[in-house]
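S.K.: My file is data.cif. It has mmCIF, C-alpha atoms:
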data_target
#
loop_
_atom_site.label_atom_id
_atom_site.label_comp_id
_atom_site.auth_asym_id
_atom_site.auth_seq_id
_atom_site.Cartn_x
_atom_site.Cartn_y
_atom_site.Cartn_z
CA MET A 1 -1.64 6.10 -16.64
CA GLU A 2 -0.11 8.56 -14.16
CA SER A 3 -1.47 11.93 -13.11
CA GLY A 4 -0.13 15.43 -13.41
CA ALA A 5 1.74 17.92 -11.25
CA THR A 6 -0.22 19.76 -8.57
CA PRO A 7 0.12 23.06 -6.70
CA TYR A 8 2.35 23.20 -3.62
CA LYS A 9 1.29 21.14 -0.63
CA SER A 10 2.77 21.82 2.81
CA VAL A 11 3.64 18.18 3.54
CA LEU A 12 5.04 16.23 0.62
CA ARG A 13 5.12 12.46 0.66
CA ARG A 14 8.40 10.72 -0.10
CA THR A 15 9.28 7.39 -1.63
CA PRO A 16 11.86 5.17 0.12
CA LEU A 17 14.39 6.33 -2.50
CA ASN A 18 13.99 10.05 -1.77
CA ALA A 19 17.35 10.40 -0.01
CA MET A 20 19.05 8.50 -2.85
CA HIS A 21 17.63 10.91 -5.43
CA ARG A 22 18.90 13.85 -3.43
CA ARG A 23 22.37 12.32 -3.07
CA LEU A 24 22.40 11.95 -6.86
CA GLY A 25 21.66 15.66 -7.21
CA ALA A 26 18.20 15.21 -8.73
CA LYS A 27 16.04 18.26 -9.33
CA MET A 28 13.03 17.59 -7.10
CA VAL A 29 9.47 18.82 -7.67
CA ASN A 30 6.02 18.49 -6.14
CA PHE A 31 4.27 15.84 -8.22
CA ASP A 32 0.74 15.22 -6.99
CA GLY A 33 1.82 15.82 -3.41
CA TRP A 34 4.98 13.72 -3.72
CA ASP A 35 8.57 14.97 -3.60
CA MET A 36 9.83 13.41 -6.83
CA PRO A 37 12.83 13.74 -9.17
CA VAL A 38 11.97 15.53 -12.40
CA GLU A 39 15.47 15.11 -13.87
CA TYR A 40 19.09 14.33 -12.93
CA PRO A 41 21.48 17.06 -14.14
CA SER A 42 24.41 14.68 -13.54
CA SER A 43 22.95 12.34 -16.19
CA GLY A 44 22.51 15.17 -18.67
CA GLY A 45 18.96 16.13 -17.71
CA LEU A 46 15.60 15.44 -19.31
CA MET A 47 16.75 15.34 -22.92
CA ALA A 48 19.58 12.89 -22.25
CA GLU A 49 17.37 10.71 -20.07
CA HIS A 50 14.65 10.59 -22.74
CA LYS A 51 17.14 9.61 -25.44
CA ALA A 52 18.71 6.97 -23.19
CA VAL A 53 15.33 5.23 -22.83
CA ARG A 54 14.68 5.34 -26.57
CA ALA A 55 18.19 4.12 -27.47
CA SER A 56 19.19 1.86 -24.57
CA VAL A 57 17.74 1.85 -21.03
CA GLY A 58 16.72 4.10 -18.14
CA VAL A 59 15.59 3.41 -14.56
CA PHE A 60 12.68 5.22 -12.88
CA ASP A 61 11.47 5.32 -9.29
CA VAL A 62 7.68 4.95 -9.60
CA SER A 63 7.02 3.99 -6.00
CA HIS A 64 4.47 6.81 -5.73
CA MET A 65 2.03 4.68 -7.71
CA GLY A 66 -0.66 2.90 -5.71
CA ASP A 67 -1.35 -0.84 -5.46
CA MET A 68 -4.63 -2.53 -4.53
CA ARG A 69 -5.19 -6.24 -4.15
CA ILE A 70 -8.69 -7.65 -4.60
CA ARG A 71 -8.94 -11.33 -3.63
CA SER A 72 -11.54 -13.94 -2.78
CA GLY A 73 -13.65 -13.58 0.32
CA GLY A 74 -15.58 -16.63 1.47
CA LYS A 75 -15.62 -18.49 -1.83
CA PRO A 76 -13.96 -18.16 -5.27
CA GLY A 77 -15.49 -15.80 -7.83
CA GLY A 78 -16.16 -12.79 -5.64
CA ALA A 79 -12.97 -10.95 -6.58
CA LEU A 80 -13.51 -11.40 -10.32
CA ALA A 81 -17.12 -10.24 -10.02
CA ALA A 82 -15.93 -7.13 -8.15
CA VAL A 83 -13.21 -6.32 -10.67
CA GLN A 84 -15.67 -6.78 -13.54
CA HIS A 85 -18.11 -4.39 -11.85
CA ILE A 86 -15.60 -1.59 -11.22
CA SER A 87 -13.51 -1.76 -14.43
CA MET A 88 -14.33 -1.44 -18.12
CA ASN A 89 -12.04 -4.09 -19.63
CA ASP A 90 -12.88 -7.80 -19.40
CA ALA A 91 -10.85 -9.31 -16.57
CA SER A 92 -12.42 -12.73 -17.20
CA LYS A 93 -10.18 -13.02 -20.27
CA LEU A 94 -6.99 -12.78 -18.18
CA ALA A 95 -4.88 -15.86 -17.60
CA ILE A 96 -2.96 -16.14 -14.33
CA GLY A 97 0.20 -14.13 -14.96
CA GLN A 98 -1.42 -11.74 -17.44
CA ALA A 99 -2.21 -8.02 -17.11
CA GLN A 100 -4.45 -5.57 -18.97
CA TYR A 101 -4.91 -1.83 -19.29
CA SER A 102 -8.32 -0.76 -18.03
CA ALA A 103 -10.14 2.06 -16.25
CA MET A 104 -12.59 2.60 -13.43
CA LEU A 105 -15.50 4.82 -14.39
CA TYR A 106 -18.09 6.98 -12.69
CA PRO A 107 -21.77 6.30 -13.50
CA GLU A 108 -21.47 9.15 -16.04
CA GLY A 109 -18.93 7.13 -18.06
CA THR A 110 -16.06 9.46 -17.11
CA PHE A 111 -12.84 8.42 -15.42
CA VAL A 112 -12.23 7.66 -11.77
CA ASP A 113 -8.76 6.54 -12.88
CA ASP A 114 -7.02 4.34 -15.41
CA VAL A 115 -5.47 1.17 -14.00
CA ILE A 116 -3.45 -1.90 -14.87
CA VAL A 117 -5.14 -5.09 -13.70
CA HIS A 118 -2.90 -8.12 -12.98
CA ARG A 119 -4.33 -11.58 -12.37
CA LEU A 120 -2.21 -12.99 -9.56
CA GLY A 121 -4.11 -16.22 -8.94
CA GLU A 122 -7.35 -18.12 -9.37
CA ASP A 123 -9.46 -15.29 -7.87
CA ASP A 124 -6.78 -12.77 -6.96
CA TYR A 125 -6.06 -9.43 -8.68
CA LEU A 126 -3.59 -6.56 -8.29
CA LEU A 127 -4.65 -3.12 -9.53
CA VAL A 128 -1.94 -0.52 -10.06
CA ILE A 129 -3.35 2.99 -9.72
CA ASN A 130 -2.08 6.55 -10.03
CA ALA A 131 -0.26 8.48 -7.34
CA GLY A 132 -2.42 11.60 -7.19
CA THR A 133 -5.66 9.61 -7.02
CA ARG A 134 -4.52 6.94 -4.54
CA GLU A 135 -6.84 7.66 -1.60
CA LYS A 136 -9.77 8.58 -3.83
CA ASP A 137 -9.38 5.35 -5.83
CA ILE A 138 -9.06 3.12 -2.79
CA ASN A 139 -12.12 4.63 -1.10
CA TRP A 140 -14.09 4.39 -4.34
CA VAL A 141 -13.16 0.72 -4.82
CA ARG A 142 -14.05 -0.16 -1.24
CA GLU A 143 -17.40 1.59 -1.52
CA ASN A 144 -18.28 -0.04 -4.83
CA THR A 145 -17.19 -3.58 -3.92
CA LYS A 146 -18.76 -3.79 -0.46
CA ASN A 147 -21.63 -5.92 -1.80
CA PHE A 148 -19.23 -8.45 -3.33
CA ASP A 149 -17.64 -11.43 -1.60
CA CYS A 150 -14.07 -10.14 -1.75
CA VAL A 151 -11.29 -8.56 0.31
CA VAL A 152 -9.73 -5.23 -0.74
CA GLU A 153 -6.19 -4.51 0.53
CA ASP A 154 -4.24 -1.29 0.11
CA LEU A 155 -0.65 -2.39 -0.59
CA SER A 156 0.54 1.00 -1.86
CA ASP A 157 3.19 1.52 0.83
CA ALA A 158 4.35 -2.11 0.84
CA TYR A 159 6.41 -1.87 -2.35
CA THR A 160 9.14 0.16 -3.95
CA GLN A 161 8.40 0.04 -7.66
CA LEU A 162 11.16 0.49 -10.24
CA ALA A 163 10.50 0.87 -13.95
CA ILE A 164 13.35 -0.36 -16.15
CA GLN A 165 12.56 0.89 -19.64
CA GLY A 166 14.17 0.79 -23.07
CA PRO A 167 15.36 -1.65 -25.74
CA ARG A 168 18.15 -2.93 -23.46
CA ALA A 169 15.88 -3.26 -20.40
CA VAL A 170 15.64 -7.01 -20.85
CA ASP A 171 19.44 -7.32 -21.01
CA LEU A 172 19.92 -5.23 -17.89
CA LEU A 173 17.29 -6.97 -15.79
CA GLN A 174 18.40 -10.44 -16.88
CA LYS A 175 21.75 -9.78 -15.19
CA VAL A 176 20.11 -9.45 -11.75
CA THR A 177 17.33 -12.05 -11.93
CA ASP A 178 16.96 -15.81 -12.33
CA ALA A 179 13.63 -15.41 -14.14
CA GLU A 180 13.70 -16.17 -17.87
CA LEU A 181 12.64 -12.79 -19.19
CA ASN A 182 12.49 -13.60 -22.90
CA GLY A 183 9.55 -15.89 -22.18
CA ILE A 184 7.47 -13.04 -20.73
CA LYS A 185 5.24 -11.35 -23.30
CA ASN A 186 4.17 -7.71 -23.16
CA TYR A 187 1.56 -7.23 -20.42
CA TRP A 188 2.43 -10.50 -18.73
CA PHE A 189 4.33 -10.97 -15.48
CA THR A 190 6.15 -13.55 -13.40
CA HIS A 191 7.84 -13.94 -10.02
CA GLY A 192 11.53 -14.56 -9.55
CA THR A 193 14.60 -13.66 -7.55
CA VAL A 194 15.80 -10.11 -8.26
CA CYS A 195 18.98 -8.78 -6.63
CA GLY A 196 18.78 -11.69 -4.21
CA LEU A 197 15.14 -11.02 -3.25
CA LYS A 198 12.99 -14.09 -3.78
CA ASN A 199 9.43 -14.06 -5.11
CA THR A 200 9.74 -10.58 -6.64
CA LEU A 201 6.95 -9.51 -9.00
CA ILE A 202 8.37 -8.76 -12.47
CA ALA A 203 5.90 -7.25 -14.97
CA ARG A 204 6.60 -6.52 -18.64
CA THR A 205 4.69 -3.25 -18.61
CA GLY A 206 5.58 0.43 -18.69
CA TYR A 207 4.63 3.98 -19.54
CA THR A 208 7.25 4.99 -22.11
CA GLY A 209 6.26 3.28 -25.37
CA GLU A 210 9.38 1.13 -25.13
CA ASP A 211 9.92 -2.44 -24.06
CA GLY A 212 10.52 -2.62 -20.35
CA PHE A 213 9.75 -4.05 -16.94
CA GLU A 214 8.45 -2.95 -13.60
CA ILE A 215 9.67 -4.69 -10.46
CA TYR A 216 8.14 -4.61 -6.98
CA VAL A 217 10.49 -4.94 -4.00
CA PRO A 218 10.02 -4.42 -0.22
CA SER A 219 9.68 -0.75 0.61
CA ASP A 220 12.18 -0.39 3.43
CA VAL A 221 14.90 2.14 2.63
CA ALA A 222 17.86 -0.27 2.90
CA THR A 223 16.37 -2.81 0.48
CA SER A 224 15.10 -0.14 -1.91
CA GLU A 225 18.50 1.59 -2.12
CA LYS A 226 20.33 -1.73 -2.51
CA VAL A 227 18.17 -2.76 -5.49
CA TRP A 228 18.38 0.72 -7.09
CA LYS A 229 22.18 0.65 -6.89
CA GLN A 230 22.50 -2.92 -8.15
CA VAL A 231 20.17 -2.30 -11.09
CA LEU A 232 22.07 0.80 -12.18
CA GLU A 233 25.41 -0.95 -11.68
CA ALA A 234 24.21 -3.85 -13.85
CA GLY A 235 23.21 -1.29 -16.48
CA ARG A 236 26.59 0.43 -16.72
CA GLU A 237 27.58 -1.56 -19.81
CA PHE A 238 24.37 -0.34 -21.50
CA ALA A 239 24.89 3.30 -20.41
CA ALA A 240 21.82 3.08 -18.18
CA VAL A 241 20.86 6.33 -16.42
CA PRO A 242 18.47 7.23 -13.59
CA CYS A 243 15.44 8.97 -15.09
CA GLY A 244 13.03 11.52 -13.65
CA LEU A 245 9.37 12.21 -14.26
CA GLY A 246 10.19 14.90 -16.82
CA CYS A 247 11.28 12.44 -19.48
CA ARG A 248 8.60 9.98 -18.35
CA ASN A 249 6.12 12.63 -19.48
CA THR A 250 7.76 13.32 -22.86
CA LEU A 251 8.15 9.59 -23.52
CA ARG A 252 4.48 8.83 -22.79
CA LEU A 253 3.34 11.87 -24.82
CA GLU A 254 5.24 10.69 -27.90
CA SER A 255 3.53 7.32 -27.45
CA LYS A 256 0.07 8.88 -26.84
CA MET A 257 -0.37 7.38 -23.40
CA ALA A 258 -3.08 9.03 -21.30
CA LEU A 259 -2.23 11.18 -18.28
CA TYR A 260 -4.91 11.54 -15.61
CA GLY A 261 -6.05 15.14 -15.25
CA HIS A 262 -5.08 15.79 -18.86
CA GLU A 263 -6.32 13.31 -21.50
CA ILE A 264 -8.62 11.58 -19.01
CA SER A 265 -10.56 12.96 -16.03
CA ASP A 266 -13.94 12.98 -14.34
CA LYS A 267 -15.14 15.31 -17.14
CA ILE A 268 -14.00 13.16 -20.10
CA ASN A 269 -15.63 9.93 -21.26
CA VAL A 270 -14.11 6.83 -22.82
CA TRP A 271 -15.18 7.57 -26.40
CA GLU A 272 -13.77 11.10 -26.31
CA ALA A 273 -10.44 9.81 -24.98
CA GLY A 274 -10.23 7.28 -27.82
CA LEU A 275 -9.82 4.39 -25.38
CA ASP A 276 -12.78 2.36 -26.68
CA ARG A 277 -10.55 -0.61 -27.59
CA TYR A 278 -10.12 -1.25 -23.86
CA CYS A 279 -13.82 -0.86 -23.06
CA LYS A 280 -15.66 -4.16 -23.41
CA MET A 281 -19.29 -3.11 -23.64
CA GLU A 282 -20.38 -6.66 -24.41
CA LYS A 283 -19.36 -7.95 -20.97
CA GLY A 284 -22.10 -5.91 -19.29
CA GLY A 285 -22.70 -4.95 -15.72
CA PHE A 286 -19.92 -2.41 -15.11
CA ILE A 287 -20.24 1.06 -13.64
CA GLY A 288 -20.61 3.68 -16.37
CA GLN A 289 -21.83 1.28 -19.07
CA ALA A 290 -25.33 2.75 -19.41
CA ALA A 291 -24.00 6.30 -19.75
CA LEU A 292 -21.47 5.16 -22.34
CA GLU A 293 -24.23 3.55 -24.39
CA GLN A 294 -26.13 6.84 -24.36
CA ALA A 295 -23.02 8.85 -25.22
CA ARG A 296 -22.19 6.55 -28.11
CA ALA A 297 -25.72 6.90 -29.50
CA ALA A 298 -25.56 10.69 -29.18
CA GLY A 299 -22.22 10.87 -31.02
CA LEU A 300 -18.93 12.58 -30.21
CA ARG A 301 -18.83 16.26 -29.36
CA ARG A 302 -15.03 16.33 -29.13
CA ALA A 303 -12.16 14.04 -30.00
CA LEU A 304 -8.56 13.71 -28.88
CA ALA A 305 -6.21 14.61 -31.72
CA GLY A 306 -2.44 14.66 -32.12
CA ILE A 307 -1.07 17.94 -33.42
CA GLU A 308 2.29 19.12 -34.65
CA MET A 309 3.25 22.77 -34.67
CA ILE A 310 3.94 24.32 -38.08
CA ASP A 311 4.73 27.79 -36.74
CA ARG A 312 7.32 28.27 -34.04
CA GLY A 313 6.07 27.81 -30.50
CA ILE A 314 5.25 25.09 -28.01
CA ALA A 315 1.62 24.13 -27.41
CA ARG A 316 1.53 23.80 -23.63
CA ASP A 317 -1.10 22.14 -21.45
CA GLY A 318 -4.23 24.29 -21.21
CA TYR A 319 -3.54 26.47 -24.26
CA ARG A 320 -6.57 27.25 -26.43
CA CYS A 321 -7.03 25.81 -29.90
CA CYS A 322 -8.83 28.00 -32.41
CA ASN A 323 -9.87 28.17 -36.04
CA GLU A 324 -8.49 30.56 -38.65
CA ALA A 325 -10.95 33.23 -37.55
CA GLY A 326 -9.62 33.01 -34.00
CA ASP A 327 -12.69 31.36 -32.50
CA ALA A 328 -11.94 28.93 -29.67
CA ILE A 329 -12.60 25.31 -30.70
CA GLY A 330 -10.68 23.25 -28.16
CA VAL A 331 -7.87 22.92 -25.65
CA VAL A 332 -4.41 21.36 -25.45
CA THR A 333 -4.22 18.59 -22.85
CA SER A 334 -0.47 17.86 -23.08
CA GLY A 335 2.24 19.52 -25.14
CA SER A 336 6.02 19.51 -25.35
CA PRO A 337 9.00 19.47 -27.67
CA SER A 338 9.59 15.88 -28.81
CA PRO A 339 13.22 14.88 -28.18
CA THR A 340 12.86 11.89 -30.50
CA LEU A 341 11.23 13.69 -33.42
CA GLY A 342 12.75 17.15 -33.00
CA LYS A 343 9.30 18.74 -33.37
CA ASN A 344 6.81 20.43 -31.07
CA ILE A 345 3.88 18.08 -30.50
CA ALA A 346 0.68 18.07 -28.46
CA LEU A 347 -2.58 16.31 -27.74
CA ALA A 348 -5.76 18.38 -27.83
CA TYR A 349 -9.51 18.00 -27.59
CA VAL A 350 -11.15 19.49 -30.68
CA PRO A 351 -14.47 19.01 -32.53
CA PRO A 352 -14.54 15.72 -34.50
CA ALA A 353 -14.76 17.70 -37.76
CA CYS A 354 -11.38 19.26 -36.92
CA SER A 355 -9.66 16.02 -35.86
CA ALA A 356 -8.92 14.42 -39.25
CA VAL A 357 -5.25 13.90 -40.14
CA GLY A 358 -4.06 16.88 -42.17
CA ALA A 359 -6.58 19.34 -40.71
CA VAL A 360 -5.12 22.76 -39.96
CA LEU A 361 -5.85 24.55 -36.72
CA TYR A 362 -4.21 27.16 -34.53
CA VAL A 363 -2.90 27.26 -30.97
CA GLU A 364 -2.97 30.51 -29.02
CA ILE A 365 0.54 30.99 -27.62
CA ARG A 366 1.20 34.15 -25.61
CA GLY A 367 -1.61 35.94 -27.44
CA GLN A 368 -0.42 34.87 -30.88
CA LYS A 369 -2.27 32.50 -33.21
CA CYS A 370 0.25 29.79 -34.19
CA LYS A 371 -0.45 27.35 -37.01
CA ALA A 372 -0.52 23.59 -36.40
CA GLN A 373 -1.80 20.49 -38.14
CA VAL A 374 -3.36 17.21 -37.06
CA VAL A 375 -1.00 14.25 -37.50
CA PRO A 376 -1.29 10.48 -36.99
CA THR A 377 -0.81 9.14 -33.47
CA PRO A 378 1.01 7.77 -31.66
CA PHE A 379 3.70 10.23 -32.67
CA TYR A 380 6.31 7.52 -32.06
CA LYS A 381 6.20 3.73 -32.33
CA ARG A 382 9.13 1.61 -31.25
CA PRO A 383 10.80 -0.27 -34.12
CA LYS A 384 9.84 -3.91 -34.47
CA LYS A 385 12.64 -6.36 -33.75
CA THR A 386 14.10 -8.18 -36.69
CA ALA A 387 14.51 -11.97 -36.66
CA VAL A 388 18.25 -11.52 -36.04
CA GLN A 389 17.61 -9.22 -33.06
CA GLN A 390 15.08 -11.63 -31.59
CA LEU A 391 17.58 -14.50 -31.72
CA SER A 392 20.49 -12.52 -30.30
#
Spit out the file's structure as structure tokens when you get a sec.
M.R.:
Amino acid sequence: MESGATPYKSVLRRTPLNAMHRRLGAKMVNFDGWDMPVEYPSSGGLMAEHKAVRASVGVFDVSHMGDMRIRSGGKPGGALAAVQHISMNDASKLAIGQAQYSAMLYPEGTFVDDVIVHRLGEDDYLLVINAGTREKDINWVRENTKNFDCVVEDLSDAYTQLAIQGPRAVDLLQKVTDAELNGIKNYWFTHGTVCGLKNTLIARTGYTGEDGFEIYVPSDVATSEKVWKQVLEAGREFAAVPCGLGCRNTLRLESKMALYGHEISDKINVWEAGLDRYCKMEKGGFIGQAALEQARAAGLRRALAGIEMIDRGIARDGYRCCNEAGDAIGVVTSGSPSPTLGKNIALAYVPPACSAVGAVLYVEIRGQKCKAQVVPTPFYKRPKKTAVQQLS
């Protein structure tokens, strides 16, 4: 989920919390045409923010993400049929109050975008989409659902979305809501009062590899700032910090979560991205299915592998991977130092024969061939709670 940084655009869009970020002294960057905080020097910057999420809790403004509601038209069933047609996971398996990771595909089996599908009601779905692909996604959904009995609504600007992430996220959020959070499983959601706002959507989802929640509140500036302040104030006892998109990227990389324009794109198919567990071929009838069947029969030409640098150097996005002879064999899609592991890690597309754990390859860094090896992914998995922790 999410998409990457883009070149400068003359008019940057702003979330309702933009002025708040600037008052907090955030370092702002152009992220997919949005003026967004990359880090907060007053909190210690990217490294401190990353470690806060892994150890305790951090709060992100993710209001740049898009939201689409697909609901019944004239009679029940039209919305489900539409969602099934445009997404690769099986939405018919969702209970009301449950969510799933999925993706919308082109007829070629490559990615329009990855999405999270929430089942709001009997024939009522909310799709959370990426910021940089908002307009493209919405137009694509409208075009490809026009023959279904459903209504498509763009709710992207209706909500301010906060992500509260980390092992103490549940403790922080419980202080400002009447919803019983311990009863919400991962990838489920509920509605409750949050910071005095009734009927607030509370989803146990995230993009950090940690436990956490995402809340959706009205997008006017006054309400957005009030909730932001109250959430951070409630988190003071847990050393909660505001977090920028810089650590959001390093957190998701450690957890091997796809970034649009990097691990997934309109040039990469589901099998190559290693997301086949979310692709329910048996359900039938979805866009891209026929091409995926052909691609599966033909076999993989490249695979997404996790690599760890052996030599000094950071494998950055777009760097070439090569063999010992120096021949190009692939490309790095995302790379960074790992604050949690203290190592330089990356994801890269390489030939399947080079993707086995333990395989040695090289990354070209500033004209130098630097040694690396393929390692198991995700690079980081959050510790499982013990029985004592679950009861506390």
S.K.: Hey, what's within 7 Å of stretch 118-135 of chain A if we count only C-alpha atoms and toss same-chain stuff fewer than 2 positions away? As a PyMOL selection string, please?
M.R.: chain A and resi 1-3+32+64-72+76-77+79-80+94-100+114-116+137-139
S.K.: Nearest to A:Ala359 among A:Leu347, A:Val374, A:Leu201, A:Ala48, with distances taken over all atoms listed in the file: which residue is it?
M.R.: A:Val374
S.K.: Name the closest residue to A:Arg277 among the candidates A:Gln373, A:Asn89, A:Thr145, A:Thr160; distances are taken between atoms, counting all atoms listed in the file.
M.R.: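 So, comparing all the options, the nearest one is A:Asn89.
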S.K.: Just want the 10 Å neighbourhood of A:Ala163, counted on only C-alpha atoms, with same-chain residues fewer than 4 positions away dropped. Output as a ChimeraX atom specification.
M.R.: /A:58-63,169,202-208,212-216,243
S.K.: Determine the residue set returned by the PyMOL selection byres ((chain A and resi 25) around 12) for the present structure, and present it as a VMD selection string.
M.R.: chain A and resid 18 to 24 26 to 28 37 to 45 242 244
S.K.: Apply the PyMOL selection byres ((chain A and resi 279) around 10) to the structure shown and report the selected residues as a PyMOL selection string.
M.R.: chain A and resi 87-90+101-103+270-271+275-278+280-283+289+292
S.K.: Can you tell me which residues surround A:Gly73 at a distance of at most 6 Å, considering only C-alpha atoms, apart from same-chain residues fewer than 4 positions away, and format the answer as a list in words?
M.R.: Asp149, Cys150 and Val151 of chain A
S.K.: Apply the PyMOL selection byres ((chain A and resi 192) around 8) to the file shown and report the selected residues as a ChimeraX atom specification.
M.R.: /A:177-179,190-191,193-194,198-202
S.K.: Hey, can you check how far atom CA of A:Ala305 sits from atom CA of A:Val363?
M.R.: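 Atom CA of A:Ala305 sits 13.1 Å away from atom CA of A:Val363.
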S.K.: Is it possible to add N, CA, C and O atoms to stretch 171-187 of chain A and hand it back as a PDB file, in the frame of the given file?
M.R.:
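What follows is the written file rebuild-v9.pdb:
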ATOM      1  N   ASP A 171      18.051  -6.915 -21.232  1.00  0.00           N
ATOM      2  CA  ASP A 171      19.440  -7.320 -21.010  1.00  0.00           C
ATOM      3  C   ASP A 171      19.923  -6.901 -19.631  1.00  0.00           C
ATOM      4  O   ASP A 171      20.632  -7.659 -18.950  1.00  0.00           O
ATOM      5  N   LEU A 172      19.534  -5.700 -19.217  1.00  0.00           N
ATOM      6  CA  LEU A 172      19.920  -5.230 -17.890  1.00  0.00           C
ATOM      7  C   LEU A 172      19.295  -6.102 -16.801  1.00  0.00           C
ATOM      8  O   LEU A 172      19.998  -6.639 -15.947  1.00  0.00           O
ATOM      9  N   LEU A 173      17.981  -6.258 -16.860  1.00  0.00           N
ATOM     10  CA  LEU A 173      17.290  -6.970 -15.790  1.00  0.00           C
ATOM     11  C   LEU A 173      17.695  -8.442 -15.722  1.00  0.00           C
ATOM     12  O   LEU A 173      17.775  -9.018 -14.632  1.00  0.00           O
ATOM     13  N   GLN A 174      18.015  -9.027 -16.877  1.00  0.00           N
ATOM     14  CA  GLN A 174      18.400 -10.440 -16.880  1.00  0.00           C
ATOM     15  C   GLN A 174      19.674 -10.682 -16.076  1.00  0.00           C
ATOM     16  O   GLN A 174      19.883 -11.767 -15.530  1.00  0.00           O
ATOM     17  N   LYS A 175      20.506  -9.649 -15.947  1.00  0.00           N
ATOM     18  CA  LYS A 175      21.750  -9.780 -15.190  1.00  0.00           C
ATOM     19  C   LYS A 175      21.508  -9.895 -13.681  1.00  0.00           C
ATOM     20  O   LYS A 175      22.379 -10.381 -12.961  1.00  0.00           O
ATOM     21  N   VAL A 176      20.345  -9.455 -13.202  1.00  0.00           N
ATOM     22  CA  VAL A 176      20.110  -9.450 -11.750  1.00  0.00           C
ATOM     23  C   VAL A 176      18.932 -10.325 -11.340  1.00  0.00           C
ATOM     24  O   VAL A 176      18.470 -10.250 -10.202  1.00  0.00           O
ATOM     25  N   THR A 177      18.438 -11.157 -12.267  1.00  0.00           N
ATOM     26  CA  THR A 177      17.330 -12.050 -11.930  1.00  0.00           C
ATOM     27  C   THR A 177      17.541 -13.437 -12.489  1.00  0.00           C
ATOM     28  O   THR A 177      18.232 -13.600 -13.504  1.00  0.00           O
ATOM     29  N   ASP A 178      16.918 -14.429 -11.820  1.00  0.00           N
ATOM     30  CA  ASP A 178      16.960 -15.810 -12.330  1.00  0.00           C
ATOM     31  C   ASP A 178      15.742 -16.132 -13.186  1.00  0.00           C
ATOM     32  O   ASP A 178      15.642 -17.216 -13.746  1.00  0.00           O
ATOM     33  N   ALA A 179      14.815 -15.187 -13.299  1.00  0.00           N
ATOM     34  CA  ALA A 179      13.630 -15.410 -14.140  1.00  0.00           C
ATOM     35  C   ALA A 179      14.041 -15.358 -15.608  1.00  0.00           C
ATOM     36  O   ALA A 179      14.919 -14.572 -15.985  1.00  0.00           O
ATOM     37  N   GLU A 180      13.416 -16.170 -16.432  1.00  0.00           N
ATOM     38  CA  GLU A 180      13.700 -16.170 -17.870  1.00  0.00           C
ATOM     39  C   GLU A 180      12.825 -15.099 -18.526  1.00  0.00           C
ATOM     40  O   GLU A 180      11.645 -15.319 -18.811  1.00  0.00           O
ATOM     41  N   LEU A 181      13.419 -13.950 -18.760  1.00  0.00           N
ATOM     42  CA  LEU A 181      12.640 -12.790 -19.190  1.00  0.00           C
ATOM     43  C   LEU A 181      12.150 -12.874 -20.629  1.00  0.00           C
ATOM     44  O   LEU A 181      11.094 -12.329 -20.968  1.00  0.00           O
ATOM     45  N   ASN A 182      12.905 -13.533 -21.493  1.00  0.00           N
ATOM     46  CA  ASN A 182      12.490 -13.600 -22.900  1.00  0.00           C
ATOM     47  C   ASN A 182      11.188 -14.355 -23.082  1.00  0.00           C
ATOM     48  O   ASN A 182      10.523 -14.214 -24.108  1.00  0.00           O
ATOM     49  N   GLY A 183      10.810 -15.158 -22.087  1.00  0.00           N
ATOM     50  CA  GLY A 183       9.550 -15.890 -22.180  1.00  0.00           C
ATOM     51  C   GLY A 183       8.347 -15.101 -21.724  1.00  0.00           C
ATOM     52  O   GLY A 183       7.207 -15.575 -21.821  1.00  0.00           O
ATOM     53  N   ILE A 184       8.577 -13.875 -21.216  1.00  0.00           N
ATOM     54  CA  ILE A 184       7.470 -13.040 -20.730  1.00  0.00           C
ATOM     55  C   ILE A 184       7.019 -12.107 -21.857  1.00  0.00           C
ATOM     56  O   ILE A 184       7.808 -11.307 -22.354  1.00  0.00           O
ATOM     57  N   LYS A 185       5.777 -12.216 -22.257  1.00  0.00           N
ATOM     58  CA  LYS A 185       5.240 -11.350 -23.300  1.00  0.00           C
ATOM     59  C   LYS A 185       4.854  -9.996 -22.706  1.00  0.00           C
ATOM     60  O   LYS A 185       4.742  -9.836 -21.498  1.00  0.00           O
ATOM     61  N   ASN A 186       4.624  -9.025 -23.600  1.00  0.00           N
ATOM     62  CA  ASN A 186       4.170  -7.710 -23.160  1.00  0.00           C
ATOM     63  C   ASN A 186       2.835  -7.842 -22.429  1.00  0.00           C
ATOM     64  O   ASN A 186       1.924  -8.549 -22.861  1.00  0.00           O
ATOM     65  N   TYR A 187       2.728  -7.168 -21.298  1.00  0.00           N
ATOM     66  CA  TYR A 187       1.560  -7.230 -20.420  1.00  0.00           C
ATOM     67  C   TYR A 187       1.334  -8.624 -19.830  1.00  0.00           C
ATOM     68  O   TYR A 187       0.205  -9.052 -19.606  1.00  0.00           O
TER      69      TYR A 187
END
